[in-house]
Amino acid sequence: MCGIVAYIGPKDAYPILIKGLKRLEYRGYDSAGIALLNGSLNVFKAKGKVSELENLVKNADLSGNVGIAHTRWATHGEPNDVNAHPHYSQSKNIALIHNGIIENYASLRKELEARGYTFQSSTDTEVLTNLIEDIQINEEVDLLEAVRIALNQVIGAYAIVVLARDDKDTLIAARKGSPLVIGIGIDEYFVASDASPIIEYTKNVVYLDNEEVALIRRNKDLKIKTIRNVEKTPYIQKLEMNLDALEKGGYEHFMLKEIYEQPHSIRDSMRGRLHPELGTISLGGIIDYEQKLVNAAKITIVACGTSWHAGLVGEYLIEDLARIPVEVEYASEFRYRNPIISEKDIIIAISQSGETADTLAAIELAKSKGATILGICNVVGSSISRATHAGIYTHAGPEIGVASTKAFTAQVTVLTLMALRLAQLKGTIPKTKFLHLIHELGLIPDKVEQTLKGSKKVIEIAEKFKNVRNFLYLGRGYNFPVALEGALKLKEISYIHAEGYPAAEMKHGPIALIDEEMPVVVIATKRGTYEKVVSNIQEVKARKGIVIAIVTKGDVAVKGMADYTIEIPETEEMLVPLLATIPLQKLSYHIAVMRGCNVDQPRNLAKSVTVE
Ligand code: F6R
């Protein structure tokens with residue numbers, strides 16, 4: 001969601017900014033823009049992709065070694081050239097880019113209109129730009145002070161970078177809610193929504209905290225203060241990410257690359273944590289909270305989307321193995337429904353990006369009630385990872401495809417480790433079972449590798465059903481969240497309507513949809529409720545539905561009934577989600593490609609959802 005890049009230093013800003021915008025394309029956007037300062041302050045903006053912006057500026061003067069650039073995901077006002085960022089102030093002395101939402105923009109706009117300001121766009125951002133200019137003029141303060149005062153009047157979320165025509169040596173950046181990171185190079189600074197545009201220039205970064213304003217000056221030290229005017233010492237951290245992780249590496253799409261990375265990413269999630277040879281699991285990130293978890297009367301998991309699905313698998317795992325009651329909540333519901341939370345509670349927040357606004361708000365709410373908050377995040381240094389008391393990184397590596405794939409299996413891996421560790425500490429499973437499960441978990445990366453081999457069957461199924469309008473996904477037990485995740489993946493990237501259901505719920509409604517045109521994907525792996533699922537398949541077949549079944553290698557019964565089967569290797573029931581998800585990711589991918597969809601950047605979606 002909205003991407004910010006800014007540069008100040010000795011080099012030409014334009015190529016750095018454009019490359020940075022391209023690195024942020026994965027976040028999702030519908031227009032792009034850039035402002036360059038070279039004596040005059042020139043703003044160029046275009047609806048559509050960054051390539052449209054490049055076409056627009058082909059013959060323009062693009063000189064200047066300071067500039068700001070933005071990809072916009074529309075909130076206030078439709079995606080068009082005018083609403084795109086950067087926005088000029090009325091006098092055109094200031095240009096500003098913004099990620100987030102200014103909630104009180106309407107009243108601020110009214111006040112500014114009364115003072116003679118006119119607006120070109122319908123955005124909240126232009127209001128903030130003029131507010132800063134108005135303060136600068138009326139209160140006779142410098143730009144930093146004007147930004148600081150303006151932000152005290154703003155309600156909402158923001159990450160902003162401001163550039164003024166009369167000062168080629170300064171950028172002002174600030175954040176609340178939406179992320180912002182400052183890269184410190186030699187005689188140069190970079191600012192971006194995440195580290196991906198910065199990584200090829202420097203590994204030294206400072207993550208701005210909420211309500212902090214940064215004064216970034218050419219050839220001078222970085223200065224940070226809060227919007228309440230308290231000086232802060234910049235805390236410089238080293239990025240661990242490397243550039244290869246941000247490239248497609250020969251794959252046609254990031255999503256495909258990320259699907260195929262899963263043996264590796266799952267291994268990374270377990271590295272240093274799972275020790276089958278020693279018969280132990282160690283989770284350093286939450287070691288100080290283990291006893292609290294063991295004694296917890298209840299754990300609440302908060303998350304959104306795919307992370308919420310991982311949370312559901314987590315619920316089944318933790319309850320099954322460690323016998324601790326778990327509730328899984330949509331963060332967006334939790335934050336507004338007055339939940340019963342006290343200092344005795346433990347909240348686990350799951351997020352790939354670590355920036356999801358609803359999950360962050362759920363954390364803040366639970367924190368305000370004294371609860372202990374643990375995080376399971378992928379992006380190191382992200383807002384959620386910093387807002388939690390402790391946590392476990394998934395270490396899946398950067399996920400660029402908007403549809404989450406390897407992040408999901410990494411989250412499930414971490415939750416499995418956590419459930420097993422708690423079970424070990426609580427003594428809720430026999431030692432032999434524990435040892436067997438950790439041995440089986442250690443085999444999962446190789447089994448994922450086997451699952452990924454050969455796409456003929458999946459491609460055949462994709463070809464057959466690429467033009468249908470609806471899909472149904474069914475699963476029971478551990479495979480119910482897999483069904484939900486399979487359906488979400490398909491609708492996100494192929495725009496085919498898909499529903500995930502617990503298989504037994506079918507007869508309470510969705511069965512009405514079944515006819516000879518309805519493909520029903522059933523996760524029908526061995527053990528657990530296998531026989532029950534077989535009955536559900538019969539119910540579908542009795543109504544002439546088309547069954548595509550995910551089965552355990554060597555299965556005979558389902559093969560005899562289903563129209564199509566895809567085999568996955570045998571594993572323990574509770575580990576099946578790590579394998580069964582893979583063919584469903586591939587099915588969605590191939591269907592979307594065949595339909596000509598933009599797989600990595602599906603319409604209307606954003607990779608990190610920084611607005612509620
Ligand atoms: C699905 C997807 C979204 C995210 C959701 C939460 O493929 O990408 O549903 O899972 O927006 O995002 P994070 O995990 O970053 O909090």
# chains A, B, ... in the order shown; residues from 1 in each chain; ligands from 1
call {"tool": "residues_near_ligand", "arguments": {"ligand": "ligand 1", "cutoff": "6 Å", "atoms": "only C-alpha atoms and all ligand atoms", "output": "ChimeraX atom specification"}}
result
/A:304-307,351-354,356,402-404,489,608-609
call {"tool": "write_last_selection", "arguments": {"atoms": "N, CA and C atoms", "output": "compact mmCIF listing (two decimals), in the first residue's frame"}}
result
# COMPACT_ATOMS: atom_id res chain seq x y z
N CYS A 304 -4.78 -10.99 10.17
CA CYS A 304 -5.69 -10.74 9.05
C CYS A 304 -5.32 -11.66 7.89
N GLY A 305 -6.30 -11.94 7.04
CA GLY A 305 -6.07 -12.64 5.77
C GLY A 305 -5.37 -13.97 5.96
N THR A 306 -4.35 -14.17 5.13
CA THR A 306 -3.59 -15.43 5.18
C THR A 306 -2.99 -15.67 6.55
N SER A 307 -2.54 -14.61 7.20
CA SER A 307 -1.95 -14.78 8.54
C SER A 307 -3.00 -15.28 9.53
N SER A 351 1.83 -11.59 11.47
CA SER A 351 1.80 -10.69 10.31
C SER A 351 3.05 -10.89 9.46
N GLN A 352 2.87 -11.08 8.17
CA GLN A 352 4.02 -11.16 7.28
C GLN A 352 4.72 -9.81 7.25
N SER A 353 3.96 -8.78 6.87
CA SER A 353 4.56 -7.45 6.66
C SER A 353 4.97 -6.80 7.98
N GLY A 354 4.24 -7.12 9.02
CA GLY A 354 4.48 -6.44 10.30
C GLY A 354 3.96 -5.02 10.29
N THR A 356 0.45 -4.33 9.16
CA THR A 356 -1.00 -4.32 8.97
C THR A 356 -1.68 -3.46 10.04
N VAL A 402 2.12 -10.27 -4.14
CA VAL A 402 1.12 -9.78 -3.19
C VAL A 402 0.43 -10.94 -2.48
N ALA A 403 0.16 -12.01 -3.21
CA ALA A 403 -0.48 -13.16 -2.57
C ALA A 403 0.55 -13.90 -1.72
N SER A 404 0.21 -14.08 -0.48
CA SER A 404 1.16 -14.67 0.46
C SER A 404 1.27 -16.17 0.24
N LYS A 489 -6.43 -17.70 -2.03
CA LYS A 489 -5.39 -17.57 -3.05
C LYS A 489 -6.01 -17.47 -4.43
N SER A 608 1.15 -4.56 1.91
CA SER A 608 1.04 -4.30 3.34
C SER A 608 -0.08 -3.29 3.52
N VAL A 609 -1.07 -3.72 4.29
CA VAL A 609 -2.32 -2.95 4.38
C VAL A 609 -2.21 -2.00 5.56
call {"tool": "residues_around", "arguments": {"residues": "Gly545 (chain A)", "least_positions_apart": "2", "cutoff": "12 Å", "atoms": "only C-alpha atoms", "output": "MDAnalysis selection string"}}
result
chainID A and resid 470:472 510:522 536:543 547:548 561:564
call {"tool": "residues_around", "arguments": {"residues": "region 187-196 of chain A", "least_positions_apart": "4", "cutoff": "6 Å", "atoms": "only C-alpha atoms", "output": "mmCIF file with N, CA, C and O atoms, in the first residue's frame"}}
result
data_model
loop_
_atom_site.group_PDB
_atom_site.id
_atom_site.type_symbol
_atom_site.label_atom_id
_atom_site.label_comp_id
_atom_site.auth_asym_id
_atom_site.auth_seq_id
_atom_site.Cartn_x
_atom_site.Cartn_y
_atom_site.Cartn_z
ATOM 1 N N GLY A 3 3.785 3.542 -1.653
ATOM 2 C CA GLY A 3 5.221 3.374 -1.473
ATOM 3 C C GLY A 3 5.898 4.732 -1.500
ATOM 4 O O GLY A 3 5.527 5.612 -2.281
ATOM 5 N N ILE A 4 6.874 4.901 -0.620
ATOM 6 C CA ILE A 4 7.602 6.161 -0.528
ATOM 7 C C ILE A 4 9.070 5.900 -0.811
ATOM 8 O O ILE A 4 9.635 4.939 -0.295
ATOM 9 N N VAL A 5 9.674 6.745 -1.649
ATOM 10 C CA VAL A 5 11.124 6.726 -1.822
ATOM 11 C C VAL A 5 11.594 8.177 -1.893
ATOM 12 O O VAL A 5 10.939 9.018 -2.528
ATOM 13 N N ALA A 6 12.713 8.477 -1.273
ATOM 14 C CA ALA A 6 13.281 9.820 -1.381
ATOM 15 C C ALA A 6 14.796 9.702 -1.361
ATOM 16 O O ALA A 6 15.345 8.740 -0.806
ATOM 17 N N TYR A 7 15.439 10.676 -1.978
ATOM 18 C CA TYR A 7 16.905 10.647 -2.038
ATOM 19 C C TYR A 7 17.458 12.056 -1.900
ATOM 20 O O TYR A 7 16.898 13.013 -2.451
ATOM 21 N N ILE A 8 18.574 12.159 -1.206
ATOM 22 C CA ILE A 8 19.346 13.400 -1.183
ATOM 23 C C ILE A 8 20.826 13.003 -1.116
ATOM 24 O O ILE A 8 21.204 12.150 -0.308
ATOM 25 N N GLY A 9 21.625 13.546 -2.008
ATOM 26 C CA GLY A 9 23.042 13.172 -2.031
ATOM 27 C C GLY A 9 23.707 13.722 -3.280
ATOM 28 O O GLY A 9 23.151 14.605 -3.935
ATOM 29 N N PRO A 179 4.909 2.866 7.996
ATOM 30 C CA PRO A 179 6.354 2.713 8.229
ATOM 31 C C PRO A 179 7.229 3.641 7.400
ATOM 32 O O PRO A 179 6.844 4.086 6.324
ATOM 33 N N LEU A 180 8.419 3.917 7.900
ATOM 34 C CA LEU A 180 9.393 4.731 7.179
ATOM 35 C C LEU A 180 10.788 4.375 7.667
ATOM 36 O O LEU A 180 11.032 4.288 8.873
ATOM 37 N N VAL A 181 11.682 4.146 6.717
ATOM 38 C CA VAL A 181 13.047 3.790 7.099
ATOM 39 C C VAL A 181 14.013 4.720 6.369
ATOM 40 O O VAL A 181 13.792 5.069 5.205
ATOM 41 N N ILE A 182 15.050 5.141 7.065
ATOM 42 C CA ILE A 182 16.026 6.064 6.488
ATOM 43 C C ILE A 182 17.331 5.309 6.289
ATOM 44 O O ILE A 182 17.852 4.697 7.229
ATOM 45 N N GLY A 183 17.854 5.315 5.070
ATOM 46 C CA GLY A 183 19.132 4.668 4.778
ATOM 47 C C GLY A 183 20.243 5.705 4.842
ATOM 48 O O GLY A 183 20.101 6.804 4.299
ATOM 49 N N ASN A 219 25.085 16.299 3.695
ATOM 50 C CA ASN A 219 26.388 16.368 4.385
ATOM 51 C C ASN A 219 26.299 16.730 5.869
ATOM 52 O O ASN A 219 27.244 17.267 6.435
#
call {"tool": "residues_around", "arguments": {"residues": "Thr525 (chain A)", "least_positions_apart": "6", "cutoff": "9 Å", "atoms": "only C-alpha atoms", "output": "PDB file with N, CA and C atoms, in the first residue's frame"}}
result
ATOM      1  N   ASN A 479      -7.096 -29.450   7.913  1.00  0.00           N
ATOM      2  CA  ASN A 479      -7.228 -29.071   6.503  1.00  0.00           C
ATOM      3  C   ASN A 479      -8.326 -28.039   6.250  1.00  0.00           C
ATOM      4  N   VAL A 533     -14.370 -37.271   5.388  1.00  0.00           N
ATOM      5  CA  VAL A 533     -14.184 -36.472   4.171  1.00  0.00           C
ATOM      6  C   VAL A 533     -14.568 -37.297   2.937  1.00  0.00           C
ATOM      7  N   ALA A 549      -9.283 -33.638  -5.752  1.00  0.00           N
ATOM      8  CA  ALA A 549      -8.897 -34.010  -4.381  1.00  0.00           C
ATOM      9  C   ALA A 549      -7.387 -33.974  -4.192  1.00  0.00           C
ATOM     10  N   ILE A 550      -7.003 -33.450  -3.044  1.00  0.00           N
ATOM     11  CA  ILE A 550      -5.600 -33.517  -2.624  1.00  0.00           C
ATOM     12  C   ILE A 550      -5.518 -34.739  -1.718  1.00  0.00           C
ATOM     13  N   VAL A 551      -4.741 -35.724  -2.124  1.00  0.00           N
ATOM     14  CA  VAL A 551      -4.718 -36.990  -1.378  1.00  0.00           C
ATOM     15  C   VAL A 551      -3.301 -37.359  -0.961  1.00  0.00           C
ATOM     16  N   THR A 552      -3.235 -38.278  -0.006  1.00  0.00           N
ATOM     17  CA  THR A 552      -1.938 -38.800   0.430  1.00  0.00           C
ATOM     18  C   THR A 552      -1.442 -39.803  -0.619  1.00  0.00           C
ATOM     19  N   LYS A 553      -0.153 -39.752  -0.863  1.00  0.00           N
ATOM     20  CA  LYS A 553       0.460 -40.667  -1.834  1.00  0.00           C
ATOM     21  C   LYS A 553      -0.004 -42.110  -1.567  1.00  0.00           C
ATOM     22  N   ASP A 555      -3.060 -43.228  -2.042  1.00  0.00           N
ATOM     23  CA  ASP A 555      -4.492 -43.330  -1.722  1.00  0.00           C
ATOM     24  C   ASP A 555      -5.239 -44.069  -2.840  1.00  0.00           C
ATOM     25  N   GLU A 567      -1.423 -35.906  -5.557  1.00  0.00           N
ATOM     26  CA  GLU A 567      -0.845 -36.587  -4.398  1.00  0.00           C
ATOM     27  C   GLU A 567       0.165 -35.706  -3.674  1.00  0.00           C
ATOM     28  N   ILE A 568       0.170 -35.846  -2.351  1.00  0.00           N
ATOM     29  CA  ILE A 568       1.238 -35.231  -1.558  1.00  0.00           C
ATOM     30  C   ILE A 568       1.849 -36.323  -0.679  1.00  0.00           C
ATOM     31  N   GLU A 570       3.136 -38.568   2.450  1.00  0.00           N
ATOM     32  CA  GLU A 570       2.517 -38.846   3.753  1.00  0.00           C
ATOM     33  C   GLU A 570       3.278 -38.114   4.857  1.00  0.00           C
ATOM     34  N   GLU A 573      -0.672 -35.938  10.653  1.00  0.00           N
ATOM     35  CA  GLU A 573      -1.873 -35.150  10.357  1.00  0.00           C
ATOM     36  C   GLU A 573      -1.661 -33.645  10.597  1.00  0.00           C
ATOM     37  N   VAL A 576       0.230 -31.766   7.859  1.00  0.00           N
ATOM     38  CA  VAL A 576      -0.310 -31.788   6.486  1.00  0.00           C
ATOM     39  C   VAL A 576      -0.502 -30.378   5.891  1.00  0.00           C
ATOM     40  N   ALA A 580      -0.179 -29.687   2.004  1.00  0.00           N
ATOM     41  CA  ALA A 580      -1.418 -29.602   1.208  1.00  0.00           C
ATOM     42  C   ALA A 580      -1.617 -28.213   0.612  1.00  0.00           C
TER      43      ALA A 580
END
call {"tool": "residues_around", "arguments": {"residues": "Asp209 (chain A)", "least_positions_apart": "3", "cutoff": "8 Å", "atoms": "only C-alpha atoms", "output": "ChimeraX atom specification"}}
result
/A:175-176,212
call {"tool": "write_last_selection", "arguments": {"atoms": "all heavy atoms", "output": "JSON list (two decimals), in the first residue's frame"}}
result
[["chain", "number", "residue", "atom", "x", "y", "z"],
["A", 175, "ARG", "N", 6.68, 9.98, 10.64],
["A", 175, "ARG", "CA", 5.76, 8.85, 10.56],
["A", 175, "ARG", "C", 4.91, 8.70, 11.81],
["A", 175, "ARG", "O", 5.32, 9.06, 12.92],
["A", 175, "ARG", "CB", 6.50, 7.54, 10.34],
["A", 175, "ARG", "CG", 7.19, 7.02, 11.55],
["A", 175, "ARG", "CD", 7.42, 5.53, 11.49],
["A", 175, "ARG", "NE", 6.21, 4.79, 11.83],
["A", 175, "ARG", "CZ", 6.21, 3.51, 12.20],
["A", 175, "ARG", "NH1", 7.33, 2.82, 12.21],
["A", 175, "ARG", "NH2", 5.10, 2.91, 12.54],
["A", 176, "LYS", "N", 3.72, 8.16, 11.59],
["A", 176, "LYS", "CA", 2.89, 7.64, 12.67],
["A", 176, "LYS", "C", 2.02, 6.55, 12.04],
["A", 176, "LYS", "O", 1.29, 6.83, 11.08],
["A", 176, "LYS", "CB", 2.00, 8.73, 13.24],
["A", 176, "LYS", "CG", 1.16, 8.24, 14.39],
["A", 176, "LYS", "CD", 0.24, 9.32, 14.90],
["A", 176, "LYS", "CE", -0.68, 8.74, 15.93],
["A", 176, "LYS", "NZ", -1.73, 9.69, 16.26],
["A", 212, "GLU", "N", 7.70, 10.51, 15.17],
["A", 212, "GLU", "CA", 9.04, 11.09, 15.06],
["A", 212, "GLU", "C", 9.17, 11.83, 13.74],
["A", 212, "GLU", "O", 8.61, 11.42, 12.72],
["A", 212, "GLU", "CB", 10.12, 10.00, 15.14],
["A", 212, "GLU", "CG", 10.33, 9.50, 16.56],
["A", 212, "GLU", "CD", 11.46, 8.49, 16.70],
["A", 212, "GLU", "OE1", 12.00, 8.02, 15.68],
["A", 212, "GLU", "OE2", 11.78, 8.16, 17.85]]
call {"tool": "decode", "arguments": {"residues": "region 112-139 of chain A", "atoms": "N, CA and C atoms", "output": "short mmCIF file (atom, residue, chain, number, x, y, z; two decimals), in the first residue's frame"}}
result
data_model
loop_
_atom_site.label_atom_id
_atom_site.label_comp_id
_atom_site.auth_asym_id
_atom_site.auth_seq_id
_atom_site.Cartn_x
_atom_site.Cartn_y
_atom_site.Cartn_z
N LEU A 112 -8.72 25.72 5.97
CA LEU A 112 -7.77 26.26 4.99
C LEU A 112 -8.51 26.99 3.86
N GLU A 113 -9.64 26.43 3.44
CA GLU A 113 -10.44 27.09 2.40
C GLU A 113 -10.90 28.46 2.88
N ALA A 114 -11.26 28.52 4.17
CA ALA A 114 -11.70 29.80 4.73
C ALA A 114 -10.56 30.81 4.72
N ARG A 115 -9.33 30.28 4.71
CA ARG A 115 -8.18 31.20 4.69
C ARG A 115 -7.68 31.42 3.27
N GLY A 116 -8.46 30.99 2.28
CA GLY A 116 -8.15 31.32 0.89
C GLY A 116 -7.45 30.23 0.10
N TYR A 117 -7.26 29.07 0.70
CA TYR A 117 -6.60 27.98 -0.05
C TYR A 117 -7.60 27.32 -1.00
N THR A 118 -7.12 26.97 -2.17
CA THR A 118 -7.94 26.17 -3.08
C THR A 118 -7.23 24.84 -3.29
N PHE A 119 -7.99 23.83 -3.66
CA PHE A 119 -7.42 22.48 -3.76
C PHE A 119 -7.61 21.91 -5.17
N GLN A 120 -6.57 21.25 -5.65
CA GLN A 120 -6.63 20.66 -6.98
C GLN A 120 -7.18 19.23 -6.92
N SER A 121 -6.96 18.56 -5.81
CA SER A 121 -7.29 17.14 -5.73
C SER A 121 -8.33 16.88 -4.64
N SER A 122 -8.79 15.64 -4.55
CA SER A 122 -9.71 15.29 -3.46
C SER A 122 -8.96 14.60 -2.32
N THR A 123 -7.66 14.75 -2.28
CA THR A 123 -6.89 13.97 -1.30
C THR A 123 -6.74 14.66 0.05
N ASP A 124 -6.54 13.82 1.07
CA ASP A 124 -6.20 14.30 2.40
C ASP A 124 -4.76 14.84 2.40
N THR A 125 -3.95 14.31 1.48
CA THR A 125 -2.53 14.68 1.43
C THR A 125 -2.34 16.15 1.04
N GLU A 126 -3.12 16.61 0.07
CA GLU A 126 -2.98 18.01 -0.34
C GLU A 126 -3.36 18.94 0.82
N VAL A 127 -4.29 18.47 1.64
CA VAL A 127 -4.68 19.28 2.81
C VAL A 127 -3.49 19.43 3.75
N LEU A 128 -2.80 18.32 4.01
CA LEU A 128 -1.64 18.37 4.90
C LEU A 128 -0.54 19.27 4.31
N THR A 129 -0.35 19.19 3.00
CA THR A 129 0.69 20.01 2.35
C THR A 129 0.39 21.50 2.56
N ASN A 130 -0.85 21.88 2.35
CA ASN A 130 -1.20 23.29 2.53
C ASN A 130 -1.20 23.71 4.00
N LEU A 131 -1.53 22.77 4.86
CA LEU A 131 -1.49 23.09 6.29
C LEU A 131 -0.05 23.44 6.69
N ILE A 132 0.90 22.67 6.19
CA ILE A 132 2.31 22.93 6.52
C ILE A 132 2.71 24.31 5.97
N GLU A 133 2.30 24.57 4.73
CA GLU A 133 2.66 25.87 4.15
C GLU A 133 2.03 27.02 4.95
N ASP A 134 0.77 26.83 5.32
CA ASP A 134 0.05 27.87 6.06
C ASP A 134 0.77 28.17 7.39
N ILE A 135 1.19 27.12 8.07
CA ILE A 135 1.88 27.29 9.35
C ILE A 135 3.23 27.98 9.13
N GLN A 136 3.92 27.55 8.08
CA GLN A 136 5.24 28.13 7.81
C GLN A 136 5.14 29.64 7.57
N ILE A 137 4.11 30.02 6.82
CA ILE A 137 3.95 31.45 6.50
C ILE A 137 3.49 32.24 7.73
N ASN A 138 2.42 31.75 8.36
CA ASN A 138 1.80 32.53 9.43
C ASN A 138 2.61 32.55 10.72
N GLU A 139 3.28 31.42 11.00
CA GLU A 139 4.02 31.38 12.26
C GLU A 139 5.50 31.69 12.05
#
